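Encoded as structure tokens, the structure appears first; notes follow it.
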Amino acid sequence: MDDLKYGKRNKRGDWAPNDPVETAPLFAFPPKLMAILKWLPHYFFPWNVIFALSAVAYWAWVIPPVETMKTLAIGWALWLYAVNAVCVFLFYGAFELHLYVLKRQENRFKYNGRFPSDQKNNVFWFDRQNVDNMLRTFLSGVTIWTAIEVGMLWAYANGYAPWLTFAENPWTLALVALVVPIIHEFHFFCIHRLIHVPFLYKWVHSVHHNSVNPSPWSSLSMHPVEHFLYLGTAFYHLILPSNPVLMLYQLHYAGFGAIPGHVGFDKVEVGEDKLVDSHSYAHYLHHKYFEVNYGDALIPLDKWFGTWHDGSPEGEARMQERYRRRKEKLAARKARTEVRGAAE
Ligand SMILES: [Zn+2]
Ligand SMILES: [Zn+2]
């Protein structure tokens with residue numbers, strides 16, 4: 001597959017798409033009906049359908065009977081941890097194996113020409129990005145994921161969360177299912193913006209940003225506080241009229257859904273001639289430049305708040321302009337305090 005049909009590669013070997021990243025047309029004003037219809041299949045396939053089906057499969061084969069979940073017990077919590085850990089290992093591992101270990105598509109469509117395993121870096125545990133990222137994923141990531149899952153299922157089993165049935169409320173639940181990704185986007189943008197506040201960035205979010213060149217295992221490589229905030233999207237279902245399956249979908253959307261944003265490749269080649277979009281360029285630019293693209297462009301929140309970078313030269317210029325203005329502001333503030341200091 002010739003990736004230069006879709007983008008260009010610079011001297012360092014970094015590939016970038018030709019077209020700027022577009023935000024989803026969902027919130028465009030005036031509404032763009034044709035654009036929405038064209039975009040709609042991408043809303044479902046393949047990612048959202050995978051995460052939704054995984055929730056259905058969990059409900060069918062993994063989640064214990066409601067009677068069991070009425071009481072918090074280590075047995076069923078450990079069972080859920082084990083299943084989550086195996087699923088994360090298989091799902092994340094499949095991308096890692098395909099793209100980073102066997103390097104089946106070499107560096108075609110790869111944003112950063114280098115592979116993280118090529119370099120040692122002492123910001124990581126044991127100096128290795130992969131070892132660090134995997135340990136954080138399984139030690140705190142899957143643990144906190146499971147704890148939230150157990151807490152929510154216990155709440156449902158005891159009637160503390162509004163539980164509608166698909167038989168009685170199919171339309172309400174269909175609507176909730178449709179907005180699961182929108183809830184995620186809103187929640188992710190808010191907590192992500194919050195943990196970029198300098199104090200929280202230093203203590204919490206910098207862990208995730210250690211992976212400047214993200215790879216599949218970077219997806220859930222976070223500080224435990226960020227794991228809790230990030231996977232806490234499930235808590236919206238404590239107040240939403242919903243269903244445990246949709247709560248699981250919400251959780252899987254965060255847990256498994258972190259993968260596409262961090263694969264490091266714009267497109268994953270499947271077979272001879274099929275390409276699957278990862279839609280991850282916006283988040284890749286976030287890992288590269290830190291202060292752009294706090295969201296994933298489903299809701300144009302970054303556009304509204306002036307932090308959008310679509311990868312184009314105009315996007316780059318907007319970012320530089322923002323940095324310049326901030327620098328000026330800081331310099332002016334510093335000058336004012338100095339003048340005041342001298343006068344006293
Ligand atoms: Zn990230
Ligand atoms: Zn960030």
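Ordered as shown in the structure tokens, chains take letters A, B, and onward, while each chain numbers its residues from 1 and ligands are numbered from 1 in the order shown.
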
Would you name the residues within 8 Å of ligand 1, counting only C-alpha atoms and all ligand atoms, and put them as a CSV table (one decimal) with N, CA and C atoms, in the first residue's frame?
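Once written, pocket.csv looks like this:
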chain,number,residue,atom,x,y,z
A,208,HIS,N,1.0,10.2,31.6
A,208,HIS,CA,0.5,9.9,30.3
A,208,HIS,C,1.3,10.5,29.1
A,209,HIS,N,1.7,11.7,29.4
A,209,HIS,CA,2.5,12.5,28.4
A,209,HIS,C,3.9,12.1,28.2
A,214,PRO,N,3.4,7.9,21.1
A,214,PRO,CA,2.6,6.9,21.7
A,214,PRO,C,2.5,5.6,20.9
A,218,SER,N,0.5,2.7,25.3
A,218,SER,CA,0.4,4.0,26.0
A,218,SER,C,-1.1,4.4,26.3
A,219,SER,N,-2.0,3.7,25.6
A,219,SER,CA,-3.4,4.1,25.7
A,219,SER,C,-3.9,4.3,27.2
A,258,ALA,N,-9.5,3.7,24.1
A,258,ALA,CA,-8.3,4.5,24.1
A,258,ALA,C,-7.3,4.0,23.1
A,261,GLY,N,-6.8,6.0,19.4
A,261,GLY,CA,-6.1,7.2,19.6
A,261,GLY,C,-4.6,7.1,19.8
A,262,HIS,N,-4.1,5.9,20.1
A,262,HIS,CA,-2.7,5.8,20.5
A,262,HIS,C,-1.9,4.8,19.6
A,283,HIS,N,-5.3,13.4,18.3
A,283,HIS,CA,-4.7,13.1,19.6
A,283,HIS,C,-3.2,12.9,19.5
A,284,TYR,N,-2.7,12.4,18.3
A,284,TYR,CA,-1.3,12.4,18.1
A,284,TYR,C,-0.6,13.8,18.3
A,286,HIS,N,-1.9,16.1,20.0
A,286,HIS,CA,-1.9,16.5,21.4
A,286,HIS,C,-0.6,15.9,22.1
A,287,HIS,N,-0.3,14.7,21.8
A,287,HIS,CA,0.9,14.1,22.4
A,287,HIS,C,2.2,14.9,22.0

Near-Arg114 in chain A list (10 Å; only C-alpha atoms; drop same-chain fewer than 4 positions) as a PDB file with C-alpha atoms, in the first residue's frame:
ATOM      1  CA  ARG A  12      12.910  12.592   9.707  1.00  0.00           C
ATOM      2  CA  GLY A  13      10.613   9.900   8.390  1.00  0.00           C
ATOM      3  CA  ASP A  14       7.454  11.258  10.021  1.00  0.00           C
ATOM      4  CA  ASN A 107       6.352   2.634   8.913  1.00  0.00           C
ATOM      5  CA  LYS A 110       3.153   6.025  10.924  1.00  0.00           C
ATOM      6  CA  ASP A 118      14.423   2.013  19.495  1.00  0.00           C
ATOM      7  CA  GLN A 119      15.186   4.369  22.374  1.00  0.00           C
ATOM      8  CA  ASN A 213       5.581   8.907  20.605  1.00  0.00           C
TER       9      ASN A 213
END

Show me which residues are within 9 Å of ligand 2 counting only C-alpha atoms and all ligand atoms, and format the list as a VMD selection string. chain A and resid 192 to 193 195 to 196 201 205 to 206 208 to 209 283 286 to 287 290 to 294

Please produce a file of the residues just selected, as a PDB file, in the first residue's frame, where the atoms kept are C-alpha atoms.
ATOM      1  CA  HIS A 192      -8.432  16.330  30.267  1.00  0.00           C
ATOM      2  CA  ARG A 193      -8.508  20.125  30.308  1.00  0.00           C
ATOM      3  CA  ILE A 195      -5.482  17.779  34.419  1.00  0.00           C
ATOM      4  CA  HIS A 196      -3.583  20.140  32.130  1.00  0.00           C
ATOM      5  CA  TYR A 201      -0.275  18.181  35.064  1.00  0.00           C
ATOM      6  CA  HIS A 205      -1.132  13.843  33.726  1.00  0.00           C
ATOM      7  CA  SER A 206       2.580  14.061  32.917  1.00  0.00           C
ATOM      8  CA  HIS A 208       0.499   9.856  30.254  1.00  0.00           C
ATOM      9  CA  HIS A 209       2.466  12.475  28.351  1.00  0.00           C
ATOM     10  CA  HIS A 283      -4.694  13.068  19.596  1.00  0.00           C
ATOM     11  CA  HIS A 286      -1.893  16.483  21.389  1.00  0.00           C
ATOM     12  CA  HIS A 287       0.934  14.146  22.439  1.00  0.00           C
ATOM     13  CA  PHE A 290       0.661  19.129  24.566  1.00  0.00           C
ATOM     14  CA  GLU A 291      -1.625  22.166  24.529  1.00  0.00           C
ATOM     15  CA  VAL A 292      -3.855  21.508  21.551  1.00  0.00           C
ATOM     16  CA  ASN A 293      -6.710  19.050  20.932  1.00  0.00           C
ATOM     17  CA  TYR A 294      -7.914  18.207  24.422  1.00  0.00           C
TER      18      TYR A 294
END

Name the residues in contact with Leu80 in chain A at a cut-off of 10 Å, using only C-alpha atoms, excluding same-chain residues fewer than 2 positions from it; report them as a ChimeraX atom specification. /A:58,62-64,74-78,82-86,142-143,145-147,149-150

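Minimum atom-to-atom distance to Asp127 in chain A, evaluated using only C-alpha atoms, belongs to A:Asn210 out of A:Ser54, A:Asn48, A:Asn169, A:Asn210.
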
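Among the candidates A:Gln129, A:Glu269, A:His187, A:Leu33, the one nearest to Lys103 in chain A when counting only C-alpha atoms is A:Glu269.
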
Near Val123 in chain A, counting only C-alpha atoms, which residues have an atom at most 10 Å away, once you skip same-chain residues fewer than 2 positions from it, shown as a list in words? Lys120, Asn121, Trp125, Phe126, Asp127, Arg128, Gln129, Asp132, Val207, Asn210 and Ser211 of chain A

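Residue nearest Leu40 in chain A within the list A:Thr172, A:Leu178, A:Asp296, A:Val339: A:Leu178 [criterion: smallest interatomic distance, only C-alpha atoms].
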
Listing only residues of range 34-83 of chain A within 12 Å of range 15-23 of chain A, what is the closest atom pair and its distance in Å (to one decimal) for each, using only C-alpha atoms, sorted by chain and residue number ascending, as CSV?
residue,atom,partner,partner_atom,distance
A:Ala35,CA,A:Thr23,CA,11.2
A:Ile36,CA,A:Thr23,CA,11.2
A:Trp39,CA,A:Thr23,CA,10.4

Resulting file, chosen residues, C-alpha atoms, as a PDB file, in the first residue's frame:
ATOM      1  CA  ALA A  35     -22.213  15.768   5.568  1.00  0.00           C
ATOM      2  CA  ILE A  36     -23.832  14.053   8.552  1.00  0.00           C
ATOM      3  CA  TRP A  39     -20.088  10.713   8.180  1.00  0.00           C
TER       4      TRP A  39
END

Could you pull out the alpha helix (DSSP H) residues of range 53-280 of chain A from DSSP and send them as a ChimeraX atom specification? /A:53-61,66-69,74-95,129-136,142-157,170-194,198-200,206-209,224-231,244-255,258-262
